[in-house]
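Trainee: Provided below: query_22.cif, containing mmCIF, C-alpha atoms.
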data_work
#
loop_
_atom_site.label_atom_id
_atom_site.label_comp_id
_atom_site.auth_asym_id
_atom_site.auth_seq_id
_atom_site.Cartn_x
_atom_site.Cartn_y
_atom_site.Cartn_z
CA MET A 88 -74.82 -33.04 213.96
CA ASN A 89 -76.11 -29.63 212.89
CA ASN A 90 -74.50 -27.31 210.36
CA LEU A 91 -72.80 -25.16 212.99
CA GLU A 92 -71.08 -28.20 214.48
CA ASN A 93 -69.94 -29.20 210.96
CA PHE A 94 -68.49 -25.72 210.47
CA GLU A 95 -66.68 -25.83 213.81
CA ASP A 96 -65.16 -29.22 212.96
CA MET A 97 -64.10 -27.94 209.55
CA MET A 98 -62.56 -24.83 211.13
CA ARG A 99 -60.58 -26.85 213.67
CA ALA A 100 -59.33 -29.21 210.97
CA ASN A 101 -58.30 -26.46 208.53
CA GLY A 102 -57.45 -23.55 210.81
CA PRO A 103 -53.68 -24.14 211.05
CA ARG A 104 -53.27 -24.53 207.28
CA ILE A 105 -55.29 -21.40 206.52
CA TYR A 106 -53.42 -19.42 209.15
CA THR A 107 -50.07 -20.55 207.69
CA LEU A 108 -51.17 -19.57 204.17
CA ALA A 109 -52.44 -16.21 205.43
CA ALA A 110 -49.22 -15.44 207.28
CA ARG A 111 -47.14 -16.36 204.25
CA LEU A 112 -49.26 -14.24 201.92
CA THR A 113 -49.25 -11.18 204.18
CA GLY A 114 -45.67 -11.61 205.30
CA ASN A 115 -46.27 -11.21 209.04
CA VAL A 116 -48.06 -12.89 211.91
CA THR A 117 -50.46 -10.11 212.87
CA ASP A 118 -51.81 -9.53 209.37
CA GLY A 119 -51.88 -13.30 208.88
CA GLN A 120 -54.11 -13.70 211.93
CA ASP A 121 -56.44 -10.98 210.64
CA LEU A 122 -56.58 -12.55 207.17
CA ALA A 123 -57.24 -16.03 208.56
CA GLN A 124 -60.03 -14.65 210.72
CA GLU A 125 -61.50 -12.80 207.73
CA THR A 126 -61.32 -16.04 205.74
CA PHE A 127 -63.31 -17.98 208.33
CA VAL A 128 -65.83 -15.17 208.78
CA ASN A 129 -66.47 -15.22 205.02
CA ALA A 130 -66.61 -19.02 205.03
CA TYR A 131 -69.15 -18.92 207.86
CA LYS A 132 -71.31 -16.40 205.98
CA HIS A 133 -71.36 -18.69 202.95
CA TRP A 134 -71.27 -22.08 204.71
CA GLU A 135 -74.87 -22.85 203.75
CA LYS A 136 -73.99 -22.29 200.07
CA PHE A 137 -71.01 -24.66 200.11
CA ARG A 138 -72.08 -27.50 197.81
CA GLY A 139 -69.14 -29.81 198.37
CA GLU A 140 -68.18 -29.89 194.68
CA ALA A 141 -64.62 -28.99 195.71
CA ASP A 142 -62.68 -30.12 198.72
CA VAL A 143 -63.41 -27.87 201.70
CA ALA A 144 -59.68 -27.06 202.06
CA THR A 145 -59.56 -25.90 198.43
CA TRP A 146 -62.66 -23.78 199.01
CA LEU A 147 -61.04 -22.18 202.07
CA TYR A 148 -57.75 -21.58 200.23
CA ARG A 149 -59.65 -19.78 197.48
CA ILE A 150 -61.49 -17.63 200.04
CA CYS A 151 -58.19 -16.81 201.77
CA VAL A 152 -56.40 -15.88 198.52
CA ASN A 153 -59.37 -13.78 197.38
CA CYS A 154 -59.56 -11.97 200.73
CA TRP A 155 -55.84 -11.25 200.50
CA LYS A 156 -56.17 -9.94 196.93
CA ASN A 157 -59.02 -7.68 198.03
CA ARG A 158 -56.86 -6.31 200.86
CA VAL A 159 -53.96 -5.64 198.52
CA ARG A 160 -56.23 -3.79 196.06
CA TYR A 161 -57.78 -1.79 198.89
CA GLU A 162 -54.42 -0.87 200.39
CA LYS A 163 -53.01 0.16 197.01
CA ARG A 164 -56.00 2.40 196.38
CA ARG A 165 -55.52 3.99 199.77
CA ALA A 166 -51.73 4.27 199.27
CA PHE A 167 -51.04 2.28 202.43
CA TRP A 168 -48.10 0.62 200.72
CA LYS A 169 -45.97 3.74 201.12
CA HIS A 170 -43.78 3.60 204.19
CA PHE A 171 -40.87 5.59 205.48
CA SER A 172 -37.67 3.64 205.48
CA LEU A 173 -35.60 3.66 208.65
CA ASP A 174 -32.42 3.83 206.61
CA ALA A 175 -33.57 6.27 203.90
CA ARG A 176 -31.79 9.60 203.56
CA ASP A 177 -35.03 11.46 203.01
CA GLY A 178 -38.56 10.85 204.25
CA ASP A 179 -40.12 10.26 200.82
CA SER A 180 -38.90 6.72 200.26
CA ASP A 181 -41.33 4.10 198.99
CA GLU A 182 -39.15 1.28 200.30
CA PRO A 183 -40.75 -0.89 202.99
CA VAL A 184 -39.71 -0.20 206.54
CA ARG A 185 -36.85 -2.48 207.53
CA GLU A 186 -37.23 -4.33 210.76
CA LEU A 187 -34.33 -4.07 213.13
CA PRO A 188 -33.10 -7.52 214.14
CA SER A 189 -33.37 -8.25 217.84
CA GLY A 190 -29.99 -9.94 217.88
CA GLU A 191 -31.51 -13.07 219.34
CA ALA A 192 -32.22 -15.98 217.05
CA PRO A 193 -35.38 -17.99 217.67
CA ILE A 194 -34.76 -21.28 219.42
CA GLY A 195 -33.25 -23.76 217.01
CA GLN A 196 -32.31 -21.14 214.42
CA THR A 197 -29.06 -19.38 213.83
CA LEU A 198 -28.98 -15.60 213.46
CA GLU A 199 -27.81 -16.10 209.88
CA LYS A 200 -30.85 -18.24 209.07
CA THR A 201 -33.14 -15.66 210.70
CA GLN A 202 -31.60 -12.89 208.58
CA GLU A 203 -31.95 -15.01 205.44
CA LEU A 204 -35.65 -15.52 206.17
CA ALA A 205 -36.11 -11.81 206.85
CA THR A 206 -34.46 -11.00 203.52
CA LEU A 207 -36.68 -13.54 201.74
CA HIS A 208 -39.85 -12.13 203.32
CA ALA A 209 -38.79 -8.57 202.45
CA ALA A 210 -38.24 -9.62 198.82
CA LEU A 211 -41.62 -11.38 198.72
CA ALA A 212 -43.27 -8.25 200.09
CA ARG A 213 -41.90 -6.22 197.17
CA MET A 214 -43.38 -8.59 194.58
CA LYS A 215 -46.66 -8.12 192.75
CA PRO A 216 -49.50 -9.97 194.50
CA GLU A 217 -50.16 -12.33 191.56
CA ASP A 218 -46.47 -13.26 191.48
CA ARG A 219 -46.23 -13.72 195.23
CA GLU A 220 -49.38 -15.83 195.52
CA VAL A 221 -48.22 -18.42 193.00
CA LEU A 222 -44.78 -18.67 194.68
CA VAL A 223 -46.32 -19.07 198.12
CA LEU A 224 -48.80 -21.70 196.94
CA TYR A 225 -46.22 -23.73 194.99
CA GLU A 226 -43.01 -23.36 196.97
CA MET A 227 -44.30 -22.93 200.54
CA GLU A 228 -47.66 -24.67 200.49
CA ASP A 229 -46.53 -27.52 198.18
CA ARG A 230 -49.58 -27.16 195.94
CA SER A 231 -49.53 -28.76 192.48
CA TYR A 232 -49.97 -26.81 189.25
CA GLU A 233 -53.47 -28.23 188.97
CA GLU A 234 -54.44 -27.20 192.50
CA ILE A 235 -53.06 -23.69 191.99
CA ALA A 236 -54.90 -23.36 188.68
CA GLN A 237 -58.11 -24.39 190.41
CA LEU A 238 -57.55 -22.05 193.37
CA LEU A 239 -56.70 -19.04 191.23
CA GLU A 240 -59.16 -19.95 188.49
CA VAL A 241 -56.55 -19.70 185.72
CA PRO A 242 -55.20 -22.19 183.15
CA ILE A 243 -52.27 -24.41 184.13
CA GLY A 244 -50.11 -22.69 181.50
CA THR A 245 -50.71 -19.39 183.26
CA VAL A 246 -49.62 -20.93 186.56
CA ARG A 247 -46.41 -22.22 184.96
CA SER A 248 -45.58 -18.88 183.32
CA ARG A 249 -46.37 -16.90 186.50
CA LEU A 250 -44.23 -19.27 188.54
CA ALA A 251 -41.28 -18.91 186.15
CA ARG A 252 -41.66 -15.11 186.12
CA SER A 253 -42.02 -15.04 189.91
CA ARG A 254 -38.89 -17.09 190.45
CA ASP A 255 -36.93 -14.77 188.14
CA LYS A 256 -38.24 -11.69 189.95
CA LEU A 257 -37.47 -13.16 193.38
CA ARG A 258 -33.96 -14.11 192.23
CA GLU A 259 -33.44 -10.54 190.98
CA LEU A 260 -34.69 -9.02 194.23
CA LEU A 261 -32.49 -11.31 196.33
CA GLU A 262 -29.43 -10.61 194.16
CA ASN A 263 -30.02 -6.86 194.53
CA GLU A 264 -30.30 -7.25 198.29
CA LEU A 265 -27.11 -9.28 198.39
CA LYS A 266 -25.24 -6.64 196.35
CA ARG A 267 -26.58 -3.91 198.63
CA THR A 268 -25.41 -5.64 201.79
CA LEU A 269 -21.90 -6.46 200.52
#
What do you get writing this file as structure tokens?
Mentor:
Amino acid sequence: MNNLENFEDMMRANGPRIYTLAARLTGNVTDGQDLAQETFVNAYKHWEKFRGEADVATWLYRICVNCWKNRVRYEKRRAFWKHFSLDARDGDSDEPVRELPSGEAPIGQTLEKTQELATLHAALARMKPEDREVLVLYEMEDRSYEEIAQLLEVPIGTVRSRLARSRDKLRELLENELKRTL
């Protein structure tokens, strides 16, 4: 089997996990698809350099997280994070645009659950990237402290402190949203 066939097998085996991580990091399906594609393009470019010292899934996760961080830095520099809110009184709001619910819950989900998830994703979108990434990796991807430390190239203590800070920030954002809606 040649190297290209190895890459294709690796991509098929890891594609769903990388796509899920990308969608969770970006907060929406379209950007998640773009990020997953960018991840595999970068992996393909560097496939020959992959030495196998780490698990291929860990290597791909690191590429995905790094691509996402690069996008966030780029978008902040270009001020793409400023949106007009649909419910703002003036047009100079920095709040993210709120999506209008369709009124139809996805199959198997109640409307309440759909709204809860939308609120959660909106709160995650307002978090700092380094806080969001550790929450996504630990809470949604079920990664261990050790795996996260390896992926983010930080000490385990940093992972623990970021996770605690991230949980507090998310709790604060969700409480504020709850107060606003009541």
Trainee: Which is closest to Leu204 in chain A among A:Gly139, A:Tyr161, A:Leu147, A:Leu261, if we use all atoms listed in the file?
Mentor: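 The answer is A:Leu261, which sits nearest to Leu204 in chain A.
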Trainee: Given only C-alpha atoms as the basis, pick out the residue of A:Phe94, A:Tyr106, A:Tyr232, A:Tyr225 nearest to Thr126 in chain A.
Mentor: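 With only C-alpha atoms as the atom set, the closest residue is A:Tyr106.
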Trainee: By how many Å are CA of Arg219 in chain A and CA of Ala141 in chain A apart?
Mentor: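 Value for the CA of Arg219 in chain A-CA of Ala141 in chain A distance: 23.9 Å.
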Trainee: Would you mind listing what lies within 12 Å of Asp118 in chain A as a VMD selection string, with only C-alpha atoms counted and same-chain residues fewer than 3 positions away left out?
Mentor: chain A and resid 106 to 115 121 to 125 154 to 155 158 to 159
